[in-house]
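Following: one structure in structure tokens, then a few remarks.
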Number of protein chains: 2
Amino acid sequence: MSTAQPAGWQAIQAEVLRRVHAREWPPGHVIPGEIDLAVEFGCARATVNRALQALADEGILERRRKAGTRVAKFPVGRAVLDIPVIRQDIKERGLAYDYRLSHRSVAEPDVDLAARLRTTKPALHIRAVHLADGIPFVLEDRWINLQTVPQAKTQSFEDLSANEWLLHTVPYTKIDVSLSAEAASAEDAPLLGLAPGKPVFTIERTTWDHVASVTFVTLTYAPGFALRTQIGG
Amino acid sequence: MSTAQPAGWQAIQAEVLRRVHAREWPPGHVIPGEIDLAVEFGCARATVNRALQALADEGILERRRKAGTRVAKFPVGRAVLDIPVIRQDIKERGLAYDYRLSHRSVAEPDVDLAARLRTTKPALHIRAVHLADGIPFVLEDRWINLQTVPQAKTQSFEDLSANEWLLHTVPYTKIDVSLSAEAASAEDAPLLGLAPGKPVFTIERTTWDHVASVTFVTLTYAPGFALRTQIGG
DNA sequence: TAGTGGTCTAGACCACGTA
DNA sequence: ACGTGGTCTAGACCACTAA
């Protein structure tokens, strides 16, 4: 064989997927129970369970006790986006990474930010540029909650980006992510070398440790940036 | 108890997560083997395996045979984006859904599109607007490969959007997805009720059935649209 | 209430990759 | 070579929920 043949539960997963794709089991169809499939495939029920559960996680099957397993009526595509460390991201593109701090201050959050960080106490404001081959790649505009992360006060962030320092220093349990298209602000545009109002891809993240906010960051990407991923395959 | 206590493998997952978050097991740390943990938690190794495997899937742990399981040095955030059917998406926002076909033709793909669909044969070109409460929500600009989906020729797409028709009719195995910020084109801007050049959130998808292309679609969202998701939590 | 998936167990063997 | 995770098994009991 030139192509690797999956074995075990992955082989079962592949066969079930084939039947779904081939419309042998069309959307909405209730497929045989785990025991029946185990008999058909000549394996233990647990093995069938493993395969079907994986497909259910991907949104291809819907499983309910007593009702059985059916092919999803709307096979909701579930795209998995890796949110990498910026330095790694740039390096993986084969480009030279550089980092430049452009602003550092302690300031009181405005109303909008106070709502995001759930505090009105002064927070640490960092602005920095991450460069790929010397060209601005992404702007990092970050607020760090000094109630949650007091150690940040003593960090200059001149050599080590807040992005990485936080990741290695501060625990977190949850991140809210928002992706959008924005017009480049008058403040940001020059740093990215473009005219204000131009479209820029923007990622906003709020990081939480349980119920306490850790940091809020806005990443503004240079034109041409696109997040790519795959569903299925 | 007011909060539900996880039991079984999820309880183990929660405890491991707690130790990671609390830095008892810092990034890079090699955690005890499955057998040790099974003894500690008083359960079977398979149960520990289930818990650790789930955490490895989320990118929190890295597992390698013989080398053991370690806490990821860069806990890459893995955001899961649900790509829903547009009609469902709008309804879930509590808005009234409406759909309007604005263009339908058969045309030869230009060079760029030919590369995407991997064919130079004529393809079906559909343009349509999906409205939420009567306001344009997203523009659908779609090319359907008539080699792969000849049945599309007889569909008017006046009442049923290509989005849904394809989902229920045509098998697929893989979708390439790209998210970006674009400037609204002179052609698209009026349909969204805004000036050309304004930033618009754009999703491009190419759908494949094995190696044959099915369709290529560009979704252009009205201003204010943002894709939201969560990591962890 | 009965049928289905969800999970656990104890043991076994295998595959991989580090040492 | 050997230790670790990856997987399978046969059986069992439980939890949910549709009928």
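Ordering of the structure tokens sets the chain letters (A, B, ...); residue numbers start at 1 within each chain; ligands are numbered from 1 in the order shown.
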Inset, instruction - Find the residues near range 161-173 of chain B: any atom within 9 Å, counting only C-alpha atoms (C1' of nucleotides), skip ones fewer than 6 places away on the same chain, and give them as JSON, numbers by chain. - result: {"A": [17, 20, 21, 22, 23, 26, 27, 73, 74, 75, 231, 232, 233], "B": [85, 86, 87, 99, 100, 101, 126, 128, 130, 140, 142, 149, 152, 155, 207, 208, 209, 210, 213, 214, 215]}
Contact residues (chain B, partner chain A, 7 Å, only C-alpha atoms) as a short mmCIF file (atom, residue, chain, number, x, y, z; two decimals) with C-alpha atoms, in the first residue's frame:
data_model
loop_
_atom_site.label_atom_id
_atom_site.label_comp_id
_atom_site.auth_asym_id
_atom_site.auth_seq_id
_atom_site.Cartn_x
_atom_site.Cartn_y
_atom_site.Cartn_z
CA HIS B 21 -3.22 26.75 36.35
CA ALA B 22 -1.84 26.90 39.88
CA VAL B 76 -1.38 27.57 22.19
CA GLY B 77 -4.91 28.79 22.41
CA ARG B 78 -7.15 26.63 20.29
CA ALA B 79 -10.26 28.57 19.37
CA VAL B 80 -13.15 26.62 17.93
CA LEU B 81 -15.21 28.56 15.44
CA ASP B 82 -18.60 27.28 14.48
CA ILE B 83 -19.38 28.08 10.87
CA PRO B 84 -23.16 27.95 10.85
CA PRO B 171 -21.29 15.64 -0.34
CA TYR B 172 -18.02 17.19 0.71
CA THR B 173 -15.03 16.04 2.63
CA LYS B 174 -13.00 19.17 3.28
CA ILE B 175 -13.33 22.94 3.45
CA ASP B 176 -10.55 25.49 3.25
CA VAL B 177 -11.35 28.62 5.20
CA SER B 178 -9.74 32.03 5.18
CA LEU B 179 -10.71 35.00 7.34
CA SER B 180 -9.58 38.49 6.46
CA ALA B 181 -10.36 42.18 6.45
CA GLU B 182 -10.99 43.69 3.03
CA ALA B 183 -12.03 47.00 1.55
CA LYS B 198 -14.87 50.69 3.95
CA PRO B 199 -13.58 47.71 5.98
CA VAL B 200 -15.60 44.54 5.72
CA PHE B 201 -15.08 41.19 7.40
CA PHE B 225 -19.92 41.92 12.41
CA ALA B 226 -17.47 40.07 14.61
CA LEU B 227 -16.72 36.39 15.06
CA ARG B 228 -16.63 35.58 18.74
CA THR B 229 -15.42 32.52 20.54
CA GLN B 230 -13.79 31.33 23.72
CA ILE B 231 -10.72 29.41 24.70
CA GLY B 232 -10.91 27.38 27.88
CA GLY B 233 -13.83 28.19 30.15
#
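Using only C-alpha atoms, the nearest neighbour of Val211 in chain A within the list A:Leu117, A:Leu52, A:Ile144, A:Ile35 is A:Leu117.
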Inset, instruction - Compile the contact shell of DG6 in chain D as a ChimeraX atom specification: residues with an atom at most 12 Å away, counting only C-alpha atoms (C1' of nucleotides), same-chain residues fewer than 6 positions apart removed. - result: /A:7-9 /B:34,45-46,49-50,53,63-66 /C:13-16
Legend entry - All strand (DSSP E or B) residues (DSSP, backbone) inside range 28-222 of chain A, as number ranges by chain: A: 30-31, 61-64, 68-71, 77-83, 97-107, 123-132, 135-145, 174-183, 199-209, 212-221
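As for CA of Ala115 in chain B and CA of Arg127 in chain B, they are spaced 20.1 Å apart.
Residues in contact with Gly33 in chain B at 8 Å, where only C-alpha atoms (C1' of nucleotides) are counted and same-chain residues fewer than 3 positions away are skipped, are listed as Asp36, Leu37, Gly68 and Thr69 of chain B; DT4 of chain D.
Residues in contact range of Ala114 in chain B, defined as at most 12 Å between only C-alpha atoms (C1' of nucleotides), with sequence neighbours fewer than 4 positions away removed, read Ala107, Glu108, Pro109, Asp110, Arg118, Thr119, Thr120, Lys121, Pro122, Ala123, Trp143, Ile144, Asn145, Ser213, Thr215 and Phe216 of chain B.
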With 12 Å as the cut-off and only C-alpha atoms (C1' of nucleotides) counted, what is the closest atom pair between each nearby residue of chain D and chain B? Distances in Å to one decimal, ordered by chain and number, as a Markdown table.
| residue | atom | partner | partner_atom | distance |
| --- | --- | --- | --- | --- |
| D:DC2 | C1' | B:Lys66 | CA | 8.9 |
| D:DG3 | C1' | B:Lys66 | CA | 5.4 |
| D:DT4 | C1' | B:Lys66 | CA | 3.7 |
| D:DG5 | C1' | B:Arg65 | CA | 4.7 |
| D:DG6 | C1' | B:Arg65 | CA | 8.6 |
| D:DT7 | C1' | B:Ala46 | CA | 9.8 |
| D:DC8 | C1' | B:Ala46 | CA | 11.2 |
| D:DC14 | C1' | B:Gly8 | CA | 11.9 |
Which residues of chain C come within 7 Å of chain A, and for each one, what is the closest pair of atoms and their distance in Å to one decimal, counting only C-alpha atoms (C1' of nucleotides), sorted by chain and residue number, as CSV?
residue,atom,partner,partner_atom,distance
C:DG3,C1',A:Lys66,CA,5.4
C:DT4,C1',A:Lys66,CA,3.7
C:DG5,C1',A:Arg65,CA,4.7
Include N, CA and C atoms (P, O5', C5', C4', C3', O3' and C1' of nucleotides) and write out the residues we just selected as a PDB file, in the first residue's frame.
ATOM      1  P    DG C   3     -36.210  -2.698  25.410  1.00  0.00           P
ATOM      2  O5'  DG C   3     -35.302  -1.726  24.536  1.00  0.00           O
ATOM      3  C5'  DG C   3     -35.935  -0.653  23.831  1.00  0.00           C
ATOM      4  C4'  DG C   3     -34.940   0.470  23.654  1.00  0.00           C
ATOM      5  C3'  DG C   3     -33.549   0.004  23.209  1.00  0.00           C
ATOM      6  O3'  DG C   3     -33.056   0.933  22.271  1.00  0.00           O
ATOM      7  C1'  DG C   3     -33.361   1.269  25.175  1.00  0.00           C
ATOM      8  P    DT C   4     -32.058   0.455  21.140  1.00  0.00           P
ATOM      9  O5'  DT C   4     -30.868   1.508  21.220  1.00  0.00           O
ATOM     10  C5'  DT C   4     -31.139   2.894  21.021  1.00  0.00           C
ATOM     11  C4'  DT C   4     -30.258   3.710  21.922  1.00  0.00           C
ATOM     12  C3'  DT C   4     -28.773   3.410  21.822  1.00  0.00           C
ATOM     13  O3'  DT C   4     -28.174   4.272  20.873  1.00  0.00           O
ATOM     14  C1'  DT C   4     -29.504   3.894  24.061  1.00  0.00           C
ATOM     15  P    DG C   5     -26.633   4.111  20.595  1.00  0.00           P
ATOM     16  O5'  DG C   5     -25.998   5.125  21.632  1.00  0.00           O
ATOM     17  C5'  DG C   5     -26.287   6.506  21.535  1.00  0.00           C
ATOM     18  C4'  DG C   5     -25.894   7.202  22.828  1.00  0.00           C
ATOM     19  C3'  DG C   5     -24.396   7.415  23.010  1.00  0.00           C
ATOM     20  O3'  DG C   5     -24.217   8.675  23.638  1.00  0.00           O
ATOM     21  C1'  DG C   5     -25.224   6.172  24.814  1.00  0.00           C
TER      22       DG C   5
END
Inset, instruction - Give me every alpha helix (DSSP H) residue in range 33-166 of chain A, going by DSSP on the backbone, as a ChimeraX atom specification. - result: /A:34-41,45-57,86-92,111-117,162-166
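Picture a line from C1' of DG17 in chain C to CA of Ala11 in chain A; it runs 24.1 Å.
Put simply, CA of Ala14 in chain B is 22.3 Å away from CA of Thr148 in chain A.
Residues within 12 Å of DA12 in chain D, counting only C-alpha atoms (C1' of nucleotides) and excluding same-chain residues fewer than 2 positions away, are DT7, DC8, DT9 and DA10 of chain C; DA10 and DC14 of chain D.
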Can those selected residues be exported to a file as an mmCIF file, in the first residue's frame so that it contains C-alpha atoms (C1' of nucleotides)?
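again_4.cif written:
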data_model
loop_
_atom_site.group_PDB
_atom_site.id
_atom_site.type_symbol
_atom_site.label_atom_id
_atom_site.label_comp_id
_atom_site.auth_asym_id
_atom_site.auth_seq_id
_atom_site.Cartn_x
_atom_site.Cartn_y
_atom_site.Cartn_z
ATOM 1 C "C1'" DT C 7 -18.373 5.690 31.429
ATOM 2 C "C1'" DC C 8 -15.479 2.630 34.286
ATOM 3 C "C1'" DT C 9 -12.535 -1.485 35.022
ATOM 4 C "C1'" DA C 10 -8.662 -4.811 34.846
ATOM 5 C "C1'" DA D 10 -15.313 -8.096 27.571
ATOM 6 C "C1'" DC D 14 -25.150 4.155 35.279
#
